[in-house]
Number of protein chains: 2
Amino acid sequence: MKTIINPNKKDWSELLKRPTQTVENIENTVTEIFNDVQRRGDKAITKYTELFDGVNLNEIQVSPAEIEKASSLVPEELKEAIQTAKANIETFHAAQKTERVSVQTSKGIDCWQEKRPIQKIGLYIPGGTAPLFSTVLMLAVPANIAGCKEIVLCSPPNKEGKIANEILYAAQLCGVTKVFKVGGIQAIAGLTFGTDAIPQVYKIFGPGNQYVTVAKQLATKYGVAIDMPAGPSELLVVADDTANASYVASDLLSQAEHGADSQVILVSTSKLLLDKVQSEIQKQILNLPRMEMTQKAIDNSKLIYVENDDIALELINEYAPEHFIICTKNEDFYVDNIANAGSVFIGNYTPESAGDYASGTNHTLPTNGFSKAYSGVNLDSFTKSITFQKITKEGILNIGNTIELMAEAEGLQAHKNAVTLRLNDLK
Amino acid sequence: MKTIINPNKKDWSELLKRPTQTVENIENTVTEIFNDVQRRGDKAITKYTELFDGVNLNEIQVSPAEIEKASSLVPEELKEAIQTAKANIETFHAAQKTERVSVQTSKGIDCWQEKRPIQKIGLYIPGGTAPLFSTVLMLAVPANIAGCKEIVLCSPPNKEGKIANEILYAAQLCGVTKVFKVGGIQAIAGLTFGTDAIPQVYKIFGPGNQYVTVAKQLATKYGVAIDMPAGPSELLVVADDTANASYVASDLLSQAEHGADSQVILVSTSKLLLDKVQSEIQKQILNLPRMEMTQKAIDNSKLIYVENDDIALELINEYAPEHFIICTKNEDFYVDNIANAGSVFIGNYTPESAGDYASGTNHTLPTNGFSKAYSGVNLDSFTKSITFQKITKEGILNIGNTIELMAEAEGLQAHKNAVTLRLNDLK
């Protein structure tokens, strides 16, 4: 860990830099696989599944029987936990529903805005040693509330050609309509172009490694929307002497265990707290199964001392953390004034893990400073708003001249004519 | 114009294809200019302004005196029209404000979602023969309602080193904070990296030619968000015998005059109407100053006859038009069931021009089929939602075990520990 005391403002941008990733070489691979999947469809999908996942599959869609069997193998206790989390996520996302916004802007001019579901969406769930079934909840639950019709899930198979039981259980519980044993770049390409087996979708959600991230970026070139650009996960904690150093350390470690490139920052107006947290981390890390990787992330982490809350806030807004924990006496100051953050956790009894799993908020959040402009995934991520307008004869008589003048000034005569024709008939 | 009778469903995707644009060569130019602006800042900006706009500027920021003088030169009548449009746009976008969404998902677990403004945004307004001051209204008005602090406008100077009076008038009227005489790729690069003169922004809005479009896409690689990917403007009208053929023709022409690559489609269950509209277009087009360009777009336009409303609706949803005009007896059928469209105009007295300028809805809309997944610009485009949560001791006791079980099953021991530590203290 690096402790930085009163960093000079001109050094902030260097200090707060994320670990950089070069993606140049990956782009060629991604483009090649996209071209192949576009040309050869499922044949290409099968080829890359064999190449990258080491398994040759005759059938890439998961059958109802497989899902049923997988679900029966999930321990009852875990099922109940998943259901509890699902209920909270449902409650929070259902509350985000908005009514039609309807306004008469002038007499005879009715304008309204309605949100309608994105019809077809794709969810990408990474495979690997840890099955991220919690992400299935975070994406499929709001998709269902929004009313998306086709919810397609892709996840890489293991060497036995299987997807983790927990993922399949969560998928059927949350109303995913189709599940495919396809991972990596080829999954994103399949969802982008559609194949005989995989439906083409309009928007792709979900985390992934660098290959998946670059593939999602390429998908946008083909007109498919994505949830957000993704980077390594990150946590910034602001804490003072009212914080429990042991809890703060445990939260920082929970972020650090995601990977060696995870970012962990502690900002404090108390040097004493920085010391305490540092020694707590050294104690707690010894018991972690992922200790080596966690240690790497912790080595790159930063403990920053600043003189007061104003400086702390400015620095935090400059960093724009994905996760932001506030454990300070004057928590309202930070809650009220934070401009850039993905999700905010307040007080000693609100660990980031709560939001990662079960409190109800979404855990798909903007990393890499993107919270300056991007929202985390929420109900609106699964809808688009459409505007409507209906103008009466009286309405066009009211506003017609305004439109004519503006169209004329912009040199768009046909725009003006469309109004003039109508006005002439009405006058 | 091409008339297509009862197209076979398997031919729809070919029939509804947008005019394709190749962007390969442009990408190299854009990358080169981005690199130069990143390295040399304002020096590079000045160089490209001289190269592309043919003017050498000592000072790229527009001064208050220039704005005042420009405003005084805008005719009073046009000023009033702009103010009327602004008032309607304000009314419609202010109505889109949403309250904080606050829920207790379980006992002791308070979660809420709040929208906060994107602090710094950039608006790009194209130059050229027609000064698109209406776009200034469409972007700066909602940005102001949202509470964006820094609203930077870039627009290319003419050969005299000036930006159109109407654009400067609209900019000051709508609360733009800084205006720069910079256009094209170099403007987008300046907003992306920031220079001594131009502030770095978090999100870039606004239309532009292919160069600007590709530049905006490249900006996203540097972590800057954009409003949406842009393509040539397009209009689809569905009309039956209750429609006024002359009005329909005028609306199709108003779209066609945007450029030779504009898309214009008429769908109808009436062959008679298709004929009438066709002859009206031939009549009206003769009087248009932009006739030649308009004729090119009309040549590529399509008049499609289908047998019934169900088929029409399916085809329209497949196309996903930017602008969608409904002039049919059973307009509710289309209003209720349209799944993919940017903005919808209903009835004989609702020309697209109304929404383009003054009714209050936004005219920055998803083209190229992107309305399947993207919203047009609206108040939310200038905010991001942040989630907050605060958990009490009782709350973590309630939900702690759920989190522990899920974290354990995902192999994330440190996530579990963060909860276990707290539970142990509380038990």
# chains A, B, ... in the order shown; residues from 1 in each chain; ligands from 1
$ interface_residues --of "chain A" --to "chain B" --cutoff "6 Å" --atoms "only C-alpha atoms" --output "PyMOL selection string"
chain A and resi 81+88+105+118+130-131+202+250-251+254+342-346+349-350+353+373-375+384-392+402+410-411+414-415+418
$ calpha_fit_and_write --fixed "chain B" --moving "chain A" --output "short mmCIF file (atom, residue, chain, number, x, y, z; two decimals) with C-alpha atoms, in the first residue's frame"
data_model
loop_
_atom_site.label_atom_id
_atom_site.label_comp_id
_atom_site.auth_asym_id
_atom_site.auth_seq_id
_atom_site.Cartn_x
_atom_site.Cartn_y
_atom_site.Cartn_z
CA MET A 1 -39.45 6.52 -56.06
CA LYS A 2 -39.86 2.80 -55.89
CA THR A 3 -43.28 1.34 -55.28
CA ILE A 4 -43.26 -2.09 -53.69
CA ILE A 5 -46.46 -4.10 -53.48
CA ASN A 6 -46.85 -6.67 -50.71
CA PRO A 7 -43.16 -7.34 -50.11
CA ASN A 8 -42.35 -10.84 -48.97
CA LYS A 9 -41.28 -10.92 -45.33
CA LYS A 10 -37.98 -12.58 -46.14
CA ASP A 11 -37.10 -9.54 -48.28
CA TRP A 12 -37.88 -6.96 -45.60
CA SER A 13 -34.37 -6.64 -44.27
CA GLU A 14 -33.00 -5.95 -47.74
CA LEU A 15 -35.90 -3.59 -48.51
CA LEU A 16 -35.45 -1.62 -45.29
CA LYS A 17 -31.68 -1.34 -45.50
CA ARG A 18 -30.28 2.12 -44.86
CA PRO A 19 -27.90 3.64 -47.37
CA THR A 20 -24.54 2.27 -46.23
CA GLN A 21 -21.59 4.43 -45.47
CA THR A 22 -18.04 3.20 -45.36
CA VAL A 23 -16.00 4.78 -42.63
CA GLU A 24 -12.71 2.90 -42.92
CA ASN A 25 -10.69 5.72 -44.49
CA ILE A 26 -12.14 8.34 -42.23
CA GLU A 27 -10.93 6.47 -39.15
CA ASN A 28 -7.28 7.03 -39.98
CA THR A 29 -7.77 10.77 -40.41
CA VAL A 30 -9.74 10.99 -37.18
CA THR A 31 -7.12 9.06 -35.20
CA GLU A 32 -4.34 11.25 -36.58
CA ILE A 33 -6.09 14.48 -35.61
CA PHE A 34 -6.97 13.10 -32.16
CA ASN A 35 -3.32 12.23 -31.52
CA ASP A 36 -2.20 15.65 -32.65
CA VAL A 37 -4.73 17.52 -30.49
CA GLN A 38 -3.86 15.34 -27.51
CA ARG A 39 -0.17 16.16 -27.98
CA ARG A 40 -0.20 19.79 -29.05
CA GLY A 41 -3.55 21.12 -27.80
CA ASP A 42 -4.60 24.52 -29.13
CA LYS A 43 -1.73 24.62 -31.64
CA ALA A 44 -3.20 21.58 -33.36
CA ILE A 45 -6.72 23.04 -33.11
CA THR A 46 -5.57 26.22 -34.87
CA LYS A 47 -3.78 24.24 -37.56
CA TYR A 48 -6.84 22.16 -38.49
CA THR A 49 -9.15 25.16 -38.35
CA GLU A 50 -6.94 26.82 -40.93
CA LEU A 51 -6.78 23.63 -42.99
CA PHE A 52 -10.48 22.71 -42.99
CA ASP A 53 -12.28 26.01 -42.39
CA GLY A 54 -9.82 28.21 -44.24
CA VAL A 55 -9.38 30.76 -41.49
CA ASN A 56 -6.50 31.53 -39.11
CA LEU A 57 -7.79 32.50 -35.68
CA ASN A 58 -5.79 34.09 -32.87
CA GLU A 59 -8.60 33.61 -30.41
CA ILE A 60 -10.93 30.63 -30.64
CA GLN A 61 -13.26 31.49 -27.77
CA VAL A 62 -16.19 33.76 -28.68
CA SER A 63 -16.17 36.89 -26.50
CA PRO A 64 -19.21 38.34 -24.70
CA ALA A 65 -18.96 41.40 -26.98
CA GLU A 66 -19.16 39.20 -30.09
CA ILE A 67 -22.19 37.40 -28.69
CA GLU A 68 -23.89 40.68 -27.86
CA LYS A 69 -23.25 42.08 -31.31
CA ALA A 70 -24.40 38.90 -33.05
CA SER A 71 -27.59 38.85 -30.97
CA SER A 72 -28.39 42.43 -31.94
CA LEU A 73 -28.27 41.40 -35.59
CA VAL A 74 -30.91 38.66 -35.33
CA PRO A 75 -34.28 39.97 -36.59
CA GLU A 76 -36.74 40.63 -33.77
CA GLU A 77 -39.38 38.37 -35.34
CA LEU A 78 -36.97 35.42 -35.43
CA LYS A 79 -35.92 36.09 -31.83
CA GLU A 80 -39.53 35.84 -30.77
CA ALA A 81 -39.95 32.59 -32.67
CA ILE A 82 -36.85 31.18 -30.96
CA GLN A 83 -38.20 32.25 -27.58
CA THR A 84 -41.54 30.58 -28.26
CA ALA A 85 -39.80 27.35 -29.24
CA LYS A 86 -37.57 27.58 -26.19
CA ALA A 87 -40.57 27.97 -23.88
CA ASN A 88 -42.22 24.83 -25.29
CA ILE A 89 -38.99 22.83 -25.12
CA GLU A 90 -38.54 23.95 -21.51
CA THR A 91 -42.07 22.95 -20.60
CA PHE A 92 -41.74 19.49 -22.06
CA HIS A 93 -38.28 18.74 -20.68
CA ALA A 94 -38.95 20.21 -17.22
CA ALA A 95 -41.91 17.82 -16.96
CA GLN A 96 -39.46 14.93 -17.32
CA LYS A 97 -37.88 15.62 -13.93
CA THR A 98 -38.15 12.64 -11.62
CA GLU A 99 -38.08 12.50 -7.85
CA ARG A 100 -35.65 10.45 -5.82
CA VAL A 101 -36.83 6.81 -5.77
CA SER A 102 -36.63 5.60 -2.20
CA VAL A 103 -37.48 2.12 -0.93
CA GLN A 104 -36.98 0.05 2.17
CA THR A 105 -36.29 -3.26 0.47
CA SER A 106 -36.18 -5.17 3.78
CA LYS A 107 -36.38 -4.04 7.38
CA GLY A 108 -33.32 -1.90 8.10
CA ILE A 109 -32.25 -1.66 4.47
CA ASP A 110 -32.90 1.71 2.83
CA CYS A 111 -32.06 2.01 -0.86
CA TRP A 112 -32.56 5.04 -3.04
CA GLN A 113 -31.79 6.28 -6.51
CA GLU A 114 -31.09 9.89 -7.37
CA LYS A 115 -30.33 11.58 -10.65
CA ARG A 116 -27.48 14.07 -10.57
CA PRO A 117 -26.36 16.28 -13.44
CA ILE A 118 -23.39 15.45 -15.63
CA GLN A 119 -21.07 18.25 -14.56
CA LYS A 120 -19.40 19.13 -17.88
CA ILE A 121 -20.89 18.63 -21.30
CA GLY A 122 -19.98 19.58 -24.85
CA LEU A 123 -22.43 20.52 -27.60
CA TYR A 124 -21.43 20.25 -31.23
CA ILE A 125 -23.34 22.41 -33.69
CA PRO A 126 -22.50 21.99 -37.38
CA GLY A 127 -21.75 25.06 -39.49
CA GLY A 128 -22.22 25.31 -43.20
CA THR A 129 -24.79 27.21 -45.18
CA ALA A 130 -27.71 26.57 -42.83
CA PRO A 131 -27.01 27.56 -39.20
CA LEU A 132 -28.68 24.86 -37.07
CA PHE A 133 -29.59 27.10 -34.14
CA SER A 134 -32.60 24.90 -33.36
CA THR A 135 -30.18 22.19 -32.19
CA VAL A 136 -28.72 24.66 -29.69
CA LEU A 137 -32.18 24.89 -28.11
CA MET A 138 -32.66 21.12 -28.14
CA LEU A 139 -29.41 20.48 -26.27
CA ALA A 140 -28.77 23.53 -24.08
CA VAL A 141 -32.32 23.85 -22.72
CA PRO A 142 -32.47 20.36 -21.13
CA ALA A 143 -28.80 20.66 -20.05
CA ASN A 144 -29.75 23.72 -18.07
CA ILE A 145 -32.83 22.13 -16.55
CA ALA A 146 -30.69 19.14 -15.53
CA GLY A 147 -28.22 21.46 -13.84
CA CYS A 148 -25.07 20.80 -15.88
CA LYS A 149 -22.44 23.26 -14.67
CA GLU A 150 -20.22 23.64 -17.71
CA ILE A 151 -21.97 23.72 -21.08
CA VAL A 152 -19.39 24.14 -23.85
CA LEU A 153 -20.48 24.74 -27.43
CA CYS A 154 -18.22 24.18 -30.46
CA SER A 155 -19.16 25.18 -33.97
CA PRO A 156 -16.96 25.74 -37.02
CA PRO A 157 -16.22 29.35 -38.05
CA ASN A 158 -16.92 30.57 -41.57
CA LYS A 159 -14.20 32.07 -43.77
CA GLU A 160 -14.56 35.37 -41.89
CA GLY A 161 -13.89 33.57 -38.62
CA LYS A 162 -17.47 33.89 -37.43
CA ILE A 163 -20.23 31.67 -36.11
CA ALA A 164 -23.77 32.43 -37.35
CA ASN A 165 -25.56 35.14 -35.38
CA GLU A 166 -28.55 32.89 -34.69
CA ILE A 167 -26.35 30.22 -33.10
CA LEU A 168 -24.67 32.76 -30.80
CA TYR A 169 -28.03 34.30 -29.92
CA ALA A 170 -29.51 30.89 -29.05
CA ALA A 171 -26.38 29.93 -27.08
CA GLN A 172 -26.57 32.93 -24.74
CA LEU A 173 -30.36 32.64 -24.47
CA CYS A 174 -30.10 29.01 -23.33
CA GLY A 175 -27.25 29.40 -20.86
CA VAL A 176 -24.30 27.95 -22.76
CA THR A 177 -21.25 28.82 -20.64
CA LYS A 178 -18.51 28.90 -23.32
CA VAL A 179 -18.55 29.04 -27.11
CA PHE A 180 -15.61 28.07 -29.32
CA LYS A 181 -15.05 28.62 -33.03
CA VAL A 182 -13.88 25.09 -33.60
CA GLY A 183 -15.49 22.50 -35.84
CA GLY A 184 -15.15 18.98 -37.12
CA ILE A 185 -12.84 16.33 -35.75
CA GLN A 186 -10.64 18.87 -33.98
CA ALA A 187 -13.64 20.13 -31.95
CA ILE A 188 -14.49 16.64 -30.74
CA ALA A 189 -10.81 15.98 -29.96
CA GLY A 190 -10.58 19.26 -28.03
CA LEU A 191 -13.64 18.40 -25.93
CA THR A 192 -12.26 14.88 -25.34
CA PHE A 193 -8.77 15.81 -24.13
CA GLY A 194 -9.23 19.43 -23.13
CA THR A 195 -6.76 22.10 -24.28
CA ASP A 196 -5.59 25.34 -22.65
CA ALA A 197 -8.65 27.01 -24.15
CA ILE A 198 -11.27 24.25 -24.41
CA PRO A 199 -12.45 22.47 -21.24
CA GLN A 200 -12.44 18.68 -21.18
CA VAL A 201 -16.03 17.39 -20.92
CA TYR A 202 -17.66 14.14 -19.78
CA LYS A 203 -20.28 13.79 -22.54
CA ILE A 204 -20.59 15.15 -26.07
CA PHE A 205 -23.91 15.83 -27.79
CA GLY A 206 -24.92 16.93 -31.24
CA PRO A 207 -25.15 16.05 -34.91
CA GLY A 208 -22.47 16.26 -37.55
CA ASN A 209 -21.14 14.83 -40.76
CA GLN A 210 -19.39 11.47 -41.06
CA TYR A 211 -16.13 12.91 -39.70
CA VAL A 212 -17.81 14.21 -36.57
CA THR A 213 -19.70 10.93 -36.13
CA VAL A 214 -16.53 8.85 -36.30
CA ALA A 215 -14.75 11.33 -34.02
CA LYS A 216 -17.52 10.99 -31.43
CA GLN A 217 -17.18 7.21 -31.60
CA LEU A 218 -13.44 7.51 -31.02
CA ALA A 219 -14.08 9.85 -28.06
CA THR A 220 -15.88 6.99 -26.30
CA LYS A 221 -12.62 5.03 -26.31
CA TYR A 222 -11.14 7.79 -24.17
CA GLY A 223 -13.95 7.52 -21.63
CA VAL A 224 -16.12 10.36 -22.93
CA ALA A 225 -19.80 9.46 -23.32
CA ILE A 226 -21.81 10.52 -26.38
CA ASP A 227 -25.53 11.14 -26.89
CA MET A 228 -25.92 8.41 -29.51
CA PRO A 229 -24.38 7.11 -32.73
CA ALA A 230 -25.72 9.25 -35.58
CA GLY A 231 -26.69 8.50 -39.14
CA PRO A 232 -28.60 10.28 -41.90
CA SER A 233 -32.06 11.49 -40.89
CA GLU A 234 -35.10 9.42 -41.83
CA LEU A 235 -38.88 9.47 -41.84
CA LEU A 236 -41.47 6.74 -42.16
CA VAL A 237 -45.10 7.69 -42.73
CA VAL A 238 -47.98 5.27 -42.39
CA ALA A 239 -51.10 6.64 -44.06
CA ASP A 240 -54.44 5.47 -45.39
CA ASP A 241 -57.27 7.09 -47.28
CA THR A 242 -58.06 9.39 -44.36
CA ALA A 243 -54.67 11.08 -44.87
CA ASN A 244 -54.22 14.26 -46.85
CA ALA A 245 -51.91 13.26 -49.71
CA SER A 246 -50.62 16.77 -50.12
CA TYR A 247 -49.60 16.99 -46.46
CA VAL A 248 -47.99 13.56 -46.56
CA ALA A 249 -46.00 14.59 -49.63
CA SER A 250 -44.86 17.79 -47.92
CA ASP A 251 -43.66 15.84 -44.88
CA LEU A 252 -41.77 13.33 -47.00
CA LEU A 253 -40.13 16.21 -48.89
CA SER A 254 -39.18 18.01 -45.69
CA GLN A 255 -37.24 14.93 -44.68
CA ALA A 256 -35.74 14.43 -48.12
CA GLU A 257 -34.30 17.94 -48.26
CA HIS A 258 -31.86 17.12 -45.45
CA GLY A 259 -29.54 15.39 -47.88
CA ALA A 260 -29.21 12.91 -50.70
CA ASP A 261 -28.72 10.11 -48.16
CA SER A 262 -31.89 10.91 -46.19
CA GLN A 263 -34.38 8.07 -46.00
CA VAL A 264 -38.04 8.48 -46.79
CA ILE A 265 -40.56 5.65 -46.61
CA LEU A 266 -44.32 5.64 -47.01
CA VAL A 267 -46.27 2.58 -45.90
CA SER A 268 -49.93 2.30 -46.81
CA THR A 269 -52.84 -0.07 -47.06
CA SER A 270 -54.19 2.10 -49.89
CA LYS A 271 -52.78 1.95 -53.41
CA LEU A 272 -54.79 5.02 -54.25
CA LEU A 273 -53.04 7.06 -51.57
CA LEU A 274 -49.62 5.90 -52.77
CA ASP A 275 -50.45 7.18 -56.25
CA LYS A 276 -51.78 10.48 -54.98
CA VAL A 277 -48.76 11.13 -52.78
CA GLN A 278 -46.43 10.30 -55.63
CA SER A 279 -48.00 12.85 -57.91
CA GLU A 280 -48.10 15.45 -55.11
CA ILE A 281 -44.38 14.98 -54.55
CA GLN A 282 -43.67 15.55 -58.23
CA LYS A 283 -45.67 18.75 -58.07
CA GLN A 284 -44.27 20.16 -54.84
CA ILE A 285 -40.64 19.34 -55.46
CA LEU A 286 -40.44 21.78 -58.37
CA ASN A 287 -40.60 24.77 -56.03
CA LEU A 288 -37.89 23.69 -53.63
CA PRO A 289 -34.55 25.53 -53.62
CA ARG A 290 -32.76 22.32 -52.66
CA MET A 291 -34.57 20.44 -55.43
CA GLU A 292 -31.62 18.54 -56.85
CA MET A 293 -30.50 17.06 -53.53
CA THR A 294 -34.09 16.44 -52.49
CA GLN A 295 -34.73 14.61 -55.75
CA LYS A 296 -31.83 12.26 -55.05
CA ALA A 297 -33.28 11.31 -51.67
CA ILE A 298 -36.74 10.93 -53.21
CA ASP A 299 -35.30 8.67 -55.94
CA ASN A 300 -34.15 6.29 -53.19
CA SER A 301 -37.39 6.54 -51.26
CA LYS A 302 -39.88 3.73 -51.04
CA LEU A 303 -43.65 3.54 -51.25
CA ILE A 304 -44.71 0.25 -49.75
CA TYR A 305 -48.19 -1.24 -50.08
CA VAL A 306 -49.19 -3.83 -47.51
CA GLU A 307 -52.49 -5.62 -47.05
CA ASN A 308 -53.33 -4.70 -43.50
CA ASP A 309 -52.33 -2.78 -40.39
CA ASP A 310 -50.79 -5.78 -38.66
CA ILE A 311 -48.30 -6.30 -41.43
CA ALA A 312 -47.65 -2.55 -41.59
CA LEU A 313 -46.92 -2.42 -37.86
CA GLU A 314 -44.57 -5.38 -37.98
CA LEU A 315 -42.67 -3.86 -40.88
CA ILE A 316 -42.43 -0.48 -39.14
CA ASN A 317 -41.14 -2.04 -35.92
CA GLU A 318 -38.57 -3.93 -37.98
CA TYR A 319 -37.42 -0.66 -39.59
CA ALA A 320 -37.46 1.33 -36.31
CA PRO A 321 -37.78 4.81 -37.83
CA GLU A 322 -36.27 7.96 -36.34
CA HIS A 323 -39.41 9.96 -37.19
CA PHE A 324 -42.75 8.17 -37.51
CA ILE A 325 -45.87 9.93 -38.77
CA ILE A 326 -49.26 8.26 -38.33
CA CYS A 327 -52.09 9.48 -40.56
CA THR A 328 -54.60 6.68 -40.40
CA LYS A 329 -58.14 6.19 -39.26
CA ASN A 330 -57.14 3.79 -36.49
CA GLU A 331 -54.22 5.83 -35.23
CA ASP A 332 -54.49 4.33 -31.73
CA PHE A 333 -53.50 0.94 -33.09
CA TYR A 334 -50.13 2.33 -34.15
CA VAL A 335 -49.69 4.59 -31.12
CA ASP A 336 -50.33 1.72 -28.72
CA ASN A 337 -48.25 -0.86 -30.50
CA ILE A 338 -45.25 0.93 -31.92
CA ALA A 339 -42.23 -0.65 -30.20
CA ASN A 340 -39.38 1.02 -32.04
CA ALA A 341 -39.38 4.70 -33.05
CA GLY A 342 -37.62 7.87 -32.03
CA SER A 343 -40.50 10.35 -32.14
CA VAL A 344 -44.09 9.84 -33.25
CA PHE A 345 -46.29 12.43 -34.99
CA ILE A 346 -50.02 11.80 -34.99
CA GLY A 347 -52.64 13.09 -37.38
CA ASN A 348 -52.91 15.40 -40.35
CA TYR A 349 -51.97 18.57 -38.46
CA THR A 350 -48.78 17.29 -36.87
CA PRO A 351 -45.97 17.77 -39.38
CA GLU A 352 -42.50 16.57 -38.48
CA SER A 353 -41.35 20.20 -38.70
CA ALA A 354 -43.28 20.91 -35.52
CA GLY A 355 -41.08 18.56 -33.54
CA ASP A 356 -37.99 19.68 -35.41
CA TYR A 357 -38.45 23.20 -34.14
CA ALA A 358 -41.05 24.24 -31.72
CA SER A 359 -43.63 21.85 -30.28
CA GLY A 360 -41.40 21.02 -27.34
CA THR A 361 -40.16 17.49 -28.05
CA ASN A 362 -36.50 16.91 -28.79
CA HIS A 363 -35.27 16.57 -32.36
CA THR A 364 -32.03 14.72 -31.50
CA LEU A 365 -33.23 11.20 -32.19
CA PRO A 366 -31.89 7.73 -32.89
CA THR A 367 -31.44 7.03 -36.62
CA ASN A 368 -30.33 3.90 -38.46
CA GLY A 369 -32.63 1.55 -36.53
CA PHE A 370 -31.05 2.56 -33.22
CA SER A 371 -34.50 3.36 -31.82
CA LYS A 372 -34.66 -0.38 -31.11
CA ALA A 373 -32.36 0.27 -28.15
CA TYR A 374 -31.74 4.02 -27.82
CA SER A 375 -33.90 6.91 -26.61
CA GLY A 376 -33.80 10.28 -28.25
CA VAL A 377 -32.15 13.05 -26.24
CA ASN A 378 -34.25 13.86 -23.18
CA LEU A 379 -33.71 15.29 -19.72
CA ASP A 380 -32.13 12.05 -18.48
CA SER A 381 -29.47 12.32 -21.19
CA PHE A 382 -27.90 15.10 -19.09
CA THR A 383 -27.95 13.23 -15.79
CA LYS A 384 -26.81 9.91 -14.44
CA SER A 385 -28.54 8.01 -11.69
CA ILE A 386 -26.61 7.13 -8.57
CA THR A 387 -27.83 4.53 -6.08
CA PHE A 388 -27.42 4.92 -2.33
CA GLN A 389 -27.97 2.51 0.52
CA LYS A 390 -27.84 2.64 4.27
CA ILE A 391 -28.19 -0.49 6.36
CA THR A 392 -28.82 -0.55 10.09
CA LYS A 393 -27.56 -3.14 12.55
CA GLU A 394 -30.97 -4.79 12.31
CA GLY A 395 -30.76 -4.69 8.53
CA ILE A 396 -27.42 -6.47 8.31
CA LEU A 397 -28.62 -9.04 10.84
CA ASN A 398 -31.61 -9.66 8.56
CA ILE A 399 -29.76 -9.99 5.30
CA GLY A 400 -26.26 -10.97 6.40
CA ASN A 401 -26.68 -14.71 6.02
CA THR A 402 -28.10 -14.34 2.52
CA ILE A 403 -25.01 -12.38 1.48
CA GLU A 404 -22.67 -14.88 3.12
CA LEU A 405 -24.26 -17.83 1.32
CA MET A 406 -24.16 -16.15 -2.08
CA ALA A 407 -20.60 -14.83 -1.70
CA GLU A 408 -19.41 -18.26 -0.61
CA ALA A 409 -21.11 -19.92 -3.59
CA GLU A 410 -19.40 -17.45 -5.92
CA GLY A 411 -16.06 -18.24 -4.30
CA LEU A 412 -15.59 -14.72 -2.98
CA GLN A 413 -14.46 -15.26 0.59
CA ALA A 414 -13.47 -11.65 1.33
CA HIS A 415 -16.97 -10.53 0.30
CA LYS A 416 -18.33 -12.98 2.84
CA ASN A 417 -15.85 -11.91 5.53
CA ALA A 418 -16.94 -8.28 5.29
CA VAL A 419 -20.36 -9.43 6.47
CA THR A 420 -19.22 -12.10 8.92
CA LEU A 421 -17.03 -9.62 10.81
CA ARG A 422 -20.01 -7.34 11.36
CA LEU A 423 -22.40 -10.17 12.25
CA ASN A 424 -19.94 -11.53 14.82
CA ASP A 425 -19.77 -8.16 16.53
CA LEU A 426 -23.55 -7.89 16.61
CA LYS A 427 -24.44 -11.40 17.75
#
$ select_by_dssp --residues "stretch 16-213 of chain B" --states "strand (DSSP E)" --output "count of residues only"
31
$ select_by_dssp --residues "stretch 217-393 of chain A" --states "alpha helix (DSSP H)" --output "PyMOL selection string"
chain A and resi 217-221+245-256+271-284+291-299+309-319+331-337+352-357+393
